[in-house]
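This is start.pdb (PDB, C-alpha atoms).
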ATOM      1  CA  MET A  85       0.000   0.000   0.000
ATOM      2  CA  LYS A  86       2.843   2.370   0.850
ATOM      3  CA  ARG A  87       4.473   1.651  -2.508
ATOM      4  CA  VAL A  88       1.251   2.310  -4.414
ATOM      5  CA  LEU A  89       0.695   5.561  -2.485
ATOM      6  CA  SER A  90       4.321   6.595  -3.126
ATOM      7  CA  ALA A  91       4.008   5.783  -6.828
ATOM      8  CA  VAL A  92       0.765   7.784  -7.160
ATOM      9  CA  LEU A  93       2.244  10.710  -5.247
ATOM     10  CA  LEU A  94       5.411  10.599  -7.365
ATOM     11  CA  ALA A  95       3.330  10.429 -10.551
ATOM     12  CA  ALA A  96       1.345  13.493  -9.439
ATOM     13  CA  ILE A  97       4.358  15.571  -8.376
ATOM     14  CA  LEU A  98       6.797  14.657 -11.167
ATOM     15  CA  PRO A  99       5.002  16.606 -13.939
ATOM     16  CA  VAL A 100       5.008  19.734 -11.751
ATOM     17  CA  PHE A 101       8.786  19.534 -11.250
ATOM     18  CA  CYS A 102       9.357  18.838 -14.944
ATOM     19  CA  ALA A 103       7.145  21.753 -16.015
ATOM     20  CA  THR A 104       8.914  24.104 -13.600
ATOM     21  CA  ALA A 105      12.335  23.028 -14.830
ATOM     22  CA  PHE A 106      11.249  23.321 -18.464
ATOM     23  CA  GLY A 107       9.762  26.770 -17.793
ATOM     24  CA  LYS A 108      13.030  27.999 -16.336
ATOM     25  CA  LYS A 109      14.932  26.855 -19.422
ATOM     26  CA  SER A 110      12.373  28.577 -21.685
ATOM     27  CA  ASP A 111      12.596  31.795 -19.646
ATOM     28  CA  LYS A 112      16.362  31.861 -20.118
ATOM     29  CA  LYS A 113      15.970  31.399 -23.862
ATOM     30  CA  ASN A 114      13.235  34.052 -24.093
ATOM     31  CA  SER A 115      14.903  36.625 -21.864
ATOM     32  CA  VAL A 116      16.015  39.770 -23.647
ATOM     33  CA  SER A 117      19.256  41.516 -22.826
ATOM     34  CA  LYS A 118      19.280  45.187 -21.863
ATOM     35  CA  LYS A 119      21.059  46.005 -25.095
ATOM     36  CA  GLU A 120      18.357  44.289 -27.172
ATOM     37  CA  LEU A 121      15.639  46.028 -25.150
ATOM     38  CA  ARG A 122      17.274  49.440 -25.736
ATOM     39  CA  GLU A 123      17.541  48.689 -29.456
ATOM     40  CA  GLU A 124      13.861  47.726 -29.589
ATOM     41  CA  ARG A 125      12.852  50.940 -27.788
ATOM     42  CA  ARG A 126      15.055  52.983 -30.141
ATOM     43  CA  LYS A 127      13.319  51.428 -33.166
ATOM     44  CA  GLU A 128       9.899  52.185 -31.669
ATOM     45  CA  GLN A 129      10.932  55.815 -31.081
ATOM     46  CA  ILE A 130      12.174  56.119 -34.663
ATOM     47  CA  SER A 131       8.834  54.766 -35.863
ATOM     48  CA  ARG A 132       6.884  57.288 -33.732
ATOM     49  CA  ASP A 133       9.149  60.129 -34.940
ATOM     50  CA  SER A 134       8.603  59.058 -38.541
ATOM     51  CA  VAL A 135       4.816  59.158 -38.125
ATOM     52  CA  SER A 136       5.029  62.611 -36.479
ATOM     53  CA  HIS A 137       7.245  63.846 -39.306
ATOM     54  CA  VAL A 138       4.869  62.596 -42.013
ATOM     55  CA  MET A 139       1.883  64.202 -40.251
ATOM     56  CA  ALA A 140       3.789  67.493 -39.994
ATOM     57  CA  VAL A 141       4.724  67.472 -43.700
ATOM     58  CA  ARG A 142       1.126  66.694 -44.677
ATOM     59  CA  GLY A 143      -0.117  69.555 -42.492
ATOM     60  CA  LEU A 144       2.358  71.974 -44.081
ATOM     61  CA  MET A 145       1.341  70.901 -47.577
ATOM     62  CA  ALA A 146      -2.367  71.173 -46.776
ATOM     63  CA  GLY A 147      -1.908  74.620 -45.230
ATOM     64  CA  SER A 148      -3.510  73.496 -41.968
ATOM     65  CA  TRP A 149      -0.991  73.209 -39.126
ATOM     66  CA  VAL A 150       0.131  74.544 -35.768
ATOM     67  CA  PHE A 151       3.732  75.235 -34.793
ATOM     68  CA  SER A 152       3.673  74.707 -31.038
ATOM     69  CA  ALA A 153       6.725  76.360 -29.457
ATOM     70  CA  THR A 154       8.673  74.908 -26.522
ATOM     71  CA  SER A 155      11.281  77.700 -26.425
ATOM     72  CA  ILE A 156      11.522  81.222 -27.815
ATOM     73  CA  THR A 157      14.489  83.533 -28.316
ATOM     74  CA  ALA A 158      13.772  87.211 -29.012
ATOM     75  CA  THR A 159      16.210  89.606 -30.676
ATOM     76  CA  GLY A 160      19.300  89.741 -28.467
ATOM     77  CA  GLY A 161      17.524  87.957 -25.617
ATOM     78  CA  PRO A 162      17.980  84.663 -23.816
ATOM     79  CA  ASP A 163      16.378  81.382 -24.849
ATOM     80  CA  VAL A 164      13.189  81.056 -22.765
ATOM     81  CA  VAL A 165      11.361  77.769 -22.183
ATOM     82  CA  VAL A 166       7.636  78.339 -22.771
ATOM     83  CA  GLN A 167       4.326  76.486 -22.578
ATOM     84  CA  PRO A 168       3.479  74.968 -25.987
ATOM     85  CA  GLY A 169      -0.303  75.362 -25.639
ATOM     86  CA  VAL A 170      -0.131  79.161 -25.426
ATOM     87  CA  ASN A 171       2.903  79.920 -27.632
ATOM     88  CA  PHE A 172       2.214  79.033 -31.238
ATOM     89  CA  ILE A 173       1.790  79.895 -34.893
ATOM     90  CA  LYS A 174      -1.445  78.517 -36.327
ATOM     91  CA  VAL A 175      -2.079  78.491 -40.070
ATOM     92  CA  GLU A 176      -5.415  77.453 -41.542
ATOM     93  CA  GLY A 177      -5.876  78.153 -45.207
ATOM     94  CA  GLY A 178      -4.973  81.787 -45.827
ATOM     95  CA  ASN A 179      -5.244  82.857 -42.165
ATOM     96  CA  MET A 180      -2.679  82.871 -39.387
ATOM     97  CA  ILE A 181      -2.851  83.341 -35.627
ATOM     98  CA  PHE A 182       0.383  84.186 -33.833
ATOM     99  CA  GLN A 183       0.551  84.121 -30.041
ATOM    100  CA  THR A 184       3.220  84.405 -27.388
ATOM    101  CA  SER A 185       2.277  84.211 -23.753
ATOM    102  CA  THR A 186       3.569  83.549 -20.269
ATOM    103  CA  GLY A 187       0.245  81.946 -19.391
ATOM    104  CA  PHE A 188       0.017  83.990 -16.180
ATOM    105  CA  GLY A 189      -2.443  86.702 -17.251
ATOM    106  CA  GLY A 190      -2.117  90.374 -18.058
ATOM    107  CA  GLY A 191      -0.805  91.776 -21.316
ATOM    108  CA  PRO A 192      -2.856  92.657 -24.377
ATOM    109  CA  ASN A 193      -4.179  89.083 -24.749
ATOM    110  CA  ASN A 194      -4.995  88.596 -21.016
ATOM    111  CA  MET A 195      -2.537  85.694 -20.973
ATOM    112  CA  GLY A 196       0.690  87.618 -20.411
ATOM    113  CA  GLY A 197       1.554  88.166 -24.053
ATOM    114  CA  ILE A 198       0.237  89.119 -27.459
ATOM    115  CA  THR A 199      -2.147  87.459 -29.923
ATOM    116  CA  PHE A 200      -2.808  88.703 -33.437
ATOM    117  CA  ARG A 201      -4.444  87.588 -36.652
ATOM    118  CA  ALA A 202      -2.971  87.965 -40.098
ATOM    119  CA  THR A 203      -3.419  86.773 -43.647
ATOM    120  CA  VAL A 204      -0.870  84.490 -45.289
ATOM    121  CA  ARG A 205       0.525  85.273 -48.711
ATOM    122  CA  ASP A 206       3.469  84.321 -50.937
ATOM    123  CA  LYS A 207       3.673  80.834 -49.420
ATOM    124  CA  LYS A 208       6.535  78.666 -50.666
ATOM    125  CA  MET A 209       7.450  75.102 -49.743
ATOM    126  CA  GLU A 210      10.624  73.310 -50.702
ATOM    127  CA  THR A 211      12.772  70.401 -49.647
ATOM    128  CA  ASP A 212      16.513  71.034 -49.568
ATOM    129  CA  LYS A 213      19.293  68.595 -50.476
ATOM    130  CA  HIS A 214      19.384  67.284 -46.882
ATOM    131  CA  GLY A 215      15.691  66.358 -46.959
ATOM    132  CA  ASP A 216      14.633  69.240 -44.679
ATOM    133  CA  THR A 217      11.217  70.730 -45.497
ATOM    134  CA  VAL A 218      11.115  74.535 -45.429
ATOM    135  CA  CYS A 219       7.886  76.552 -45.537
ATOM    136  CA  THR A 220       8.142  80.342 -45.898
ATOM    137  CA  PHE A 221       5.409  82.944 -46.204
ATOM    138  CA  ARG A 222       4.632  86.585 -45.543
ATOM    139  CA  PHE A 223       1.871  87.653 -43.179
ATOM    140  CA  ASN A 224      -0.113  90.890 -43.128
ATOM    141  CA  GLY A 225      -2.164  91.996 -40.155
ATOM    142  CA  THR A 226      -3.522  95.281 -38.892
ATOM    143  CA  ALA A 227      -1.143  95.202 -35.916
ATOM    144  CA  ILE A 228       2.029  93.813 -37.485
ATOM    145  CA  ASN A 229       3.523  92.391 -40.690
ATOM    146  CA  GLY A 230       6.477  90.169 -41.416
ATOM    147  CA  LYS A 231       7.834  86.907 -42.723
ATOM    148  CA  VAL A 232       7.836  83.387 -41.235
ATOM    149  CA  SER A 233      10.205  80.562 -42.101
ATOM    150  CA  VAL A 234       9.459  77.125 -40.626
ATOM    151  CA  THR A 235      11.987  74.300 -41.024
ATOM    152  CA  LEU A 236      11.181  70.648 -40.405
ATOM    153  CA  PRO A 237      14.415  68.603 -40.421
ATOM    154  CA  ASP A 238      14.353  65.292 -42.280
ATOM    155  CA  LYS A 239      12.947  62.386 -40.234
ATOM    156  CA  SER A 240      12.554  64.578 -37.146
ATOM    157  CA  PRO A 241       9.399  65.375 -35.198
ATOM    158  CA  SER A 242      10.955  68.644 -33.987
ATOM    159  CA  ALA A 243      10.988  71.877 -35.971
ATOM    160  CA  TYR A 244      12.093  75.474 -35.676
ATOM    161  CA  ALA A 245      10.641  78.749 -36.877
ATOM    162  CA  TYR A 246      12.010  82.229 -37.508
ATOM    163  CA  VAL A 247       9.682  85.212 -37.432
ATOM    164  CA  ASN A 248      11.054  88.422 -38.941
ATOM    165  CA  PHE A 249       8.751  91.345 -38.218
ATOM    166  CA  ASP A 250       8.820  94.349 -40.535
ATOM    167  CA  ASN A 251       9.687  96.581 -37.556
ATOM    168  CA  GLY A 252      13.124  94.883 -37.355
ATOM    169  CA  ARG A 253      12.433  92.523 -34.465
ATOM    170  CA  THR A 254      12.936  88.787 -34.791
ATOM    171  CA  LEU A 255      11.959  85.671 -32.902
ATOM    172  CA  SER A 256      13.335  82.191 -33.209
ATOM    173  CA  MET A 257      11.250  79.345 -31.871
ATOM    174  CA  ASP A 258      11.881  75.642 -31.281
ATOM    175  CA  GLY A 259       8.978  73.261 -31.122
ATOM    176  CA  GLN A 260       6.848  70.828 -33.075
ATOM    177  CA  ILE A 261       4.459  70.997 -36.030
ATOM    178  CA  LEU A 262       1.072  69.386 -35.482
ATOM    179  CA  PRO A 263      -2.063  69.079 -37.593
ATOM    180  CA  VAL A 264      -4.712  71.562 -36.442
ATOM    181  CA  SER A 265      -6.945  68.665 -35.366
ATOM    182  CA  LYS A 266      -4.237  67.299 -33.004
ATOM    183  CA  ALA A 267      -3.021  70.621 -31.536
ATOM    184  CA  ARG A 268      -4.329  71.809 -28.202
ATOM    185  CA  VAL A 269      -3.916  75.560 -27.991
ATOM    186  CA  SER A 270      -5.575  78.280 -25.918
ATOM    187  CA  VAL A 271      -6.149  81.495 -27.848
ATOM    188  CA  GLY A 272      -6.150  84.794 -25.948
ATOM    189  CA  SER A 273      -7.756  88.131 -26.812
ATOM    190  CA  PHE A 274      -6.725  89.491 -30.197
ATOM    191  CA  VAL A 275      -4.870  92.764 -30.614
ATOM    192  CA  ASN A 276      -6.493  93.251 -34.028
TER     193      ASN A 276
END

Whole structure, structure tokens version:
Amino acid sequence: MKRVLSAVLLAAILPVFCATAFGKKSDKKNSVSKKELREERRKEQISRDSVSHVMAVRGLMAGSWVFSATSITATGGPDVVVQPGVNFIKVEGGNMIFQTSTGFGGGPNNMGGITFRATVRDKKMETDKHGDTVCTFRFNGTAINGKVSVTLPDKSPSAYAYVNFDNGRTLSMDGQILPVSKARVSVGSFVN
């Protein structure tokens, strides 16, 4: 009786030990090194950047995009990190909204900065020999006029813009180009 009980117990326990041992061997084979994991994450990031880049180029071509700034440098001033949702250039068709803001209130737009509307004209798009997409246009508003140049480097989700106002002032901005439907911006009170 003891032998039968031992045999049944051994028969019941043996598959559990075998499965555990087999599982450990499989885990070792399936484990991914840190280097492989980093490489996989890098490839995923490249894929996300590529999608963002394509969406930005399509928005530029369609004339419906938002340049959402993360930093701004004024003429002779320091580079200032800003909030993207309240510092932007928005182009839809032949109209543009330009806004800079601290986001803390006050100022002409009640957000600590300035917001104005303008019309877009003389728009040009080209891709240089490095694959960078450059969109330039003039803007005319009742408050201010000037020229904008937006550059989207090849295969990059980031972009930069230069705004040359006709009064001699300039701004350079770093940020990202988004389709109007994906951008989340807060528009203040208009100067014009």

| Gap from CA of Asp216 in chain A to CA of Gly161 in chain A - Å, one decimal | 26.9 Å

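Distance check against Val232 in chain A using only C-alpha atoms: of A:Ala267, A:Met180, A:Ala158, A:Val170, the minimum falls on A:Met180.
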
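Counting only C-alpha atoms, the residue from A:Val138, A:Gly177, A:Lys118, A:Arg205 that sits nearest to Thr217 in chain A is A:Val138.
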
| So which residues get picked by the PyMOL selection byres ((chain A and resi 152) around 7) here, written as a list in words? |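 On this input, the PyMOL selection byres ((chain A and resi 152) around 7) captures Val150, Phe151, Ala153, Thr154, Pro168, Gly169, Asn171, Phe172, Ile173, Gly259, Gln260 and Ile261 of chain A.
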
| query | List as a count of residues only: which residues have an atom within 10 Å of (3.4, 77.0, -53.2), counting all atoms listed in the file? | reply | 11

| Rounded to one decimal in Å, what is the spacing between CA of Phe274 in chain A and CA of Trp149 in chain A? |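 These two atoms are separated by 19.4 Å.
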
| query | In terms of the shortest atom-to-atom distance over all atoms listed in the file, which of A:Asp212, A:Ala202, A:Ser115, A:Ser256 is closest to Ile156 in chain A? | reply |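 Closest candidate: A:Ser256.
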
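Here CA of Ile228 in chain A stands at a distance of 7.2 Å from CA of Phe249 in chain A.
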
| task | Would you translate the PyMOL selection byres ((chain A and resi 243) around 7) into the concrete set of residues it matches in this file, as an MDAnalysis selection string? | result | chainID A and resid 235:237 241:242 244:245 258:261

Could you tell me, as a CSV table (one decimal) with C-alpha atoms, keeping the file's coordinate frame, which residues have any atom at most 12 Å from (-4.2, 86.6, -21.9), counting all atoms listed in the file?
chain,number,residue,atom,x,y,z
A,170,VAL,CA,-0.1,79.2,-25.4
A,171,ASN,CA,2.9,79.9,-27.6
A,183,GLN,CA,0.6,84.1,-30.0
A,184,THR,CA,3.2,84.4,-27.4
A,185,SER,CA,2.3,84.2,-23.8
A,186,THR,CA,3.6,83.5,-20.3
A,187,GLY,CA,0.2,81.9,-19.4
A,188,PHE,CA,0.0,84.0,-16.2
A,189,GLY,CA,-2.4,86.7,-17.3
A,190,GLY,CA,-2.1,90.4,-18.1
A,191,GLY,CA,-0.8,91.8,-21.3
A,192,PRO,CA,-2.9,92.7,-24.4
A,193,ASN,CA,-4.2,89.1,-24.7
A,194,ASN,CA,-5.0,88.6,-21.0
A,195,MET,CA,-2.5,85.7,-21.0
A,196,GLY,CA,0.7,87.6,-20.4
A,197,GLY,CA,1.6,88.2,-24.1
A,198,ILE,CA,0.2,89.1,-27.5
A,199,THR,CA,-2.1,87.5,-29.9
A,200,PHE,CA,-2.8,88.7,-33.4
A,270,SER,CA,-5.6,78.3,-25.9
A,271,VAL,CA,-6.1,81.5,-27.8
A,272,GLY,CA,-6.2,84.8,-25.9
A,273,SER,CA,-7.8,88.1,-26.8
A,274,PHE,CA,-6.7,89.5,-30.2
A,275,VAL,CA,-4.9,92.8,-30.6
